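*Asks:* Encoded as structure tokens, here's the structure I'll be asking about.
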Amino acid sequence: MSKPKVAFFDFACCEGCQLQVANMGESLLDVLGAIDVVEFREVMSEKWDQDFDVAIVEGSITTPHAIEKIKKIRERCKVLIAYGSCATIGGVNGMKNNFPLDKIREEVYGKDYKYFETVETRAVPQVVKVDYLVHGCPVYIPEFVNVLKAVLAGLPYQVPDHAVCVECKLNENVCVYEKGVTCLGPVTKAGCNSWCINNGNICYGCRGMVTNPNENGAKDVIEKYNVPMNLVRNKMNMYNQCREIDQSEQKKR
Ligand code: SF4
Ligand code: SF4
Ligand code: SF4
């Protein structure tokens, strides 16, 4: 039986998520044994001009050209995986949506800015139907491997929809609020095994908000630790400026 043909594509992003794949080490070898990578700009120069089974798409959609390109990719693949927060929720590129587009263009391109077209930042699921989401900035490789296994087995993958705090508690971390630091773990989707907190940092909300955040619980924490609301809002703005479209909404596409 032939292996599924897999192609990687990138749009507006830092390519850090693709780098995570390139740095996967032994687990990459396991995955490579099961798939046939036909296009991956970061690690190979070949281009594939036929259809493929799986498209792994990194980056946000920020130009009219990108809209056309992602639609063509969707037509050419059977399964599309949005990969990394830039693709799944807009990520840091969504901060652009806080400013008038012309002002952004002028800031970036100077006086000739009108030659460079741009549109409001959109996550990939806001433009085409997506079959699997791998959140994270960058992606958490153990989760990516699980998603790939689900794809290969033809099974769905359900993104965890509980808070990062659950994983953080299981990892027995001391809550950073106890040290007077704000953290978005209470309202952010789990699935990264509380990666940042385990390594002495805070959660910046890179996996997007849980569907039903415990607003009362979050309010209690904010009040208990006397956290200024604008600090929480600013932190939320970093990754969460594009509304995420859930899978049920996508079925209408
Ligand atoms: S999600 Fe983060 S690491 Fe991945 S491409 Fe976007 S900015 Fe880079
Ligand atoms: S608020 Fe942050 S540090 Fe505290 S338990 Fe939740 S994820 Fe962990
Ligand atoms: S801890 Fe928060 S910021 Fe860090 S990877 Fe997980 S969701 Fe993203």
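Chain lettering (A, B, ...) mirrors the order of the structure tokens, residue numbering begins at 1 for each chain separately, and ligand numbering begins at 1 in order of display.
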Counting only C-alpha atoms and all ligand atoms, what are the residues, protein, DNA or RNA alike, that approach ligand 2 to within 8 Å? I want them as an MDAnalysis selection string.

*Replies:* chainID A and resid 163:169 173:178 182:186 194 197 202:203

*Asks:* Show me which residues are within 7 Å of ligand 1 counting only C-alpha atoms and all ligand atoms, and format the list as an NGL selection string.

*Replies:* :A and (13-17 or 58-59 or 84-86 or 91-92 or 136-139)

*Asks:* Could those selected residues go to a file with N, CA and C atoms, as a CSV table (one decimal), in the first residue's frame?

*Replies:*
```csv
chain,number,residue,atom,x,y,z
A,13,CYS,N,4.0,33.9,8.9
A,13,CYS,CA,4.4,33.3,10.2
A,13,CYS,C,5.9,33.4,10.3
A,14,CYS,N,6.4,32.9,11.4
A,14,CYS,CA,7.9,32.9,11.6
A,14,CYS,C,8.5,31.6,11.2
A,15,GLU,N,7.7,30.7,10.8
A,15,GLU,CA,8.2,29.3,10.4
A,15,GLU,C,8.7,28.5,11.6
A,16,GLY,N,8.5,29.0,12.8
A,16,GLY,CA,9.0,28.3,14.0
A,16,GLY,C,8.3,26.9,14.2
A,17,CYS,N,7.1,26.8,13.7
A,17,CYS,CA,6.4,25.5,13.9
A,17,CYS,C,7.0,24.5,12.9
A,58,GLU,N,0.9,26.1,7.8
A,58,GLU,CA,1.4,27.0,8.9
A,58,GLU,C,1.1,28.4,8.5
A,59,GLY,N,0.8,29.3,9.4
A,59,GLY,CA,0.7,30.7,9.1
A,59,GLY,C,-0.7,31.2,8.9
A,84,GLY,N,-0.1,25.2,14.2
A,84,GLY,CA,0.5,26.3,14.9
A,84,GLY,C,-0.6,27.4,15.0
A,85,SER,N,-0.4,28.3,16.0
A,85,SER,CA,-1.4,29.3,16.4
A,85,SER,C,-1.7,30.3,15.3
A,86,CYS,N,-0.6,30.6,14.5
A,86,CYS,CA,-0.8,31.6,13.4
A,86,CYS,C,-1.9,31.0,12.5
A,91,GLY,N,-3.2,33.9,15.8
A,91,GLY,CA,-2.0,34.1,16.6
A,91,GLY,C,-1.5,35.5,16.7
A,92,VAL,N,-0.2,35.7,16.8
A,92,VAL,CA,0.4,37.1,16.9
A,92,VAL,C,0.1,38.0,15.7
A,136,GLY,N,-0.8,26.1,19.2
A,136,GLY,CA,0.4,26.3,19.9
A,136,GLY,C,1.4,27.2,19.2
A,137,CYS,N,2.2,27.9,19.9
A,137,CYS,CA,3.2,28.8,19.3
A,137,CYS,C,4.5,28.6,20.1
A,138,PRO,N,5.3,27.7,19.7
A,138,PRO,CA,5.1,26.8,18.5
A,138,PRO,C,4.2,25.6,19.0
A,139,VAL,N,4.0,24.7,18.0
A,139,VAL,CA,3.2,23.5,18.3
A,139,VAL,C,4.0,22.6,19.3
```

*Asks:* Determine the nearest neighbour of ligand 3 from the options A:Cys206, A:Leu155, A:Val181, A:Val6, counting only C-alpha atoms and all ligand atoms.

*Replies:* A:Cys206

*Asks:* I'd like the contact shell of Val210 (chain A) - 6 Å cut-off, only C-alpha atoms, skipping same-chain residues fewer than 5 positions apart - returned as an mmCIF file with C-alpha atoms, in the first residue's frame.

*Replies:*
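And here's around_23.cif as it stands now:
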```cif
data_model
loop_
_atom_site.group_PDB
_atom_site.id
_atom_site.type_symbol
_atom_site.label_atom_id
_atom_site.label_comp_id
_atom_site.auth_asym_id
_atom_site.auth_seq_id
_atom_site.Cartn_x
_atom_site.Cartn_y
_atom_site.Cartn_z
ATOM 1 C CA ASP A 161 -11.132 22.092 25.795
ATOM 2 C CA VAL A 187 -8.772 30.552 30.253
ATOM 3 C CA THR A 188 -6.433 28.824 27.741
ATOM 4 C CA LYS A 189 -6.969 25.458 26.048
#
```

*Asks:* I need the residue nearest Ala34 (chain A) from this list: A:Glu143, A:Val124, A:Lys3, A:Gly217. Use only C-alpha atoms for the distance.

*Replies:* A:Lys3

*Asks:* Between CA of Met229 (chain A) and CA of Asn212 (chain A), measure the distance and give it in Å to one decimal.

*Replies:*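 Distance reported for this atom pair: 19.3 Å.
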
*Asks:* In Å, how far is it from CA of Gly90 (chain A) to CA of Glu215 (chain A)?

*Replies:*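 Result for CA of Gly90 (chain A) versus CA of Glu215 (chain A): 23.2 Å, one decimal.
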
*Asks:* Among region 22-180 of chain A, which ones does DSSP place in strand (DSSP E), written as JSON, numbers by chain?

*Replies:* {"A": [36, 37, 38, 39, 52, 53, 54, 55, 56, 57, 58, 77, 78, 79, 80, 81, 82, 83, 132, 133, 134]}

*Asks:* Take the residues just selected and output them with N, CA and C atoms as a tab-separated table (two decimals), in the first residue's frame.

*Replies:*
```tsv
chain	number	residue	atom	x	y	z
A	36	ASP	N	4.85	10.01	3.07
A	36	ASP	CA	5.76	10.36	1.99
A	36	ASP	C	5.69	11.89	1.84
A	37	VAL	N	6.72	12.59	2.35
A	37	VAL	CA	6.71	14.06	2.30
A	37	VAL	C	7.08	14.50	0.88
A	38	VAL	N	6.16	15.18	0.19
A	38	VAL	CA	6.40	15.54	-1.21
A	38	VAL	C	6.78	17.02	-1.38
A	39	GLU	N	6.46	17.84	-0.37
A	39	GLU	CA	6.83	19.27	-0.46
A	39	GLU	C	7.00	19.81	0.96
A	52	PHE	N	-2.35	15.82	-3.38
A	52	PHE	CA	-1.72	15.09	-2.28
A	52	PHE	C	-2.80	14.73	-1.26
A	53	ASP	N	-2.43	13.84	-0.33
A	53	ASP	CA	-3.44	13.38	0.64
A	53	ASP	C	-3.61	14.36	1.79
A	54	VAL	N	-2.49	14.85	2.31
A	54	VAL	CA	-2.55	15.69	3.51
A	54	VAL	C	-1.78	16.99	3.28
A	55	ALA	N	-2.40	18.13	3.57
A	55	ALA	CA	-1.70	19.42	3.56
A	55	ALA	C	-1.55	19.88	5.00
A	56	ILE	N	-0.32	20.22	5.38
A	56	ILE	CA	-0.06	20.76	6.72
A	56	ILE	C	0.26	22.24	6.53
A	57	VAL	N	-0.60	23.09	7.04
A	57	VAL	CA	-0.53	24.52	6.72
A	57	VAL	C	-0.17	25.34	7.96
A	58	GLU	N	0.92	26.09	7.82
A	58	GLU	CA	1.39	26.97	8.89
A	58	GLU	C	1.12	28.42	8.47
A	77	CYS	N	-6.08	18.78	-1.71
A	77	CYS	CA	-5.80	17.78	-0.67
A	77	CYS	C	-7.09	17.13	-0.16
A	78	LYS	N	-6.90	15.94	0.43
A	78	LYS	CA	-8.07	15.28	1.05
A	78	LYS	C	-8.24	15.75	2.50
A	79	VAL	N	-7.10	15.94	3.19
A	79	VAL	CA	-7.13	16.33	4.61
A	79	VAL	C	-6.27	17.57	4.78
A	80	LEU	N	-6.80	18.57	5.50
A	80	LEU	CA	-6.01	19.78	5.75
A	80	LEU	C	-5.81	19.95	7.26
A	81	ILE	N	-4.56	20.07	7.65
A	81	ILE	CA	-4.22	20.30	9.07
A	81	ILE	C	-3.74	21.74	9.22
A	82	ALA	N	-4.43	22.53	10.06
A	82	ALA	CA	-3.92	23.86	10.40
A	82	ALA	C	-2.97	23.67	11.56
A	83	TYR	N	-1.78	24.25	11.42
A	83	TYR	CA	-0.65	23.83	12.23
A	83	TYR	C	0.01	25.07	12.86
A	132	TYR	N	-8.20	19.18	10.88
A	132	TYR	CA	-7.51	18.98	12.17
A	132	TYR	C	-6.82	20.29	12.58
A	133	LEU	N	-6.83	20.56	13.88
A	133	LEU	CA	-6.16	21.75	14.42
A	133	LEU	C	-5.03	21.31	15.35
A	134	VAL	N	-3.86	21.89	15.14
A	134	VAL	CA	-2.76	21.68	16.10
A	134	VAL	C	-2.39	23.07	16.61
```
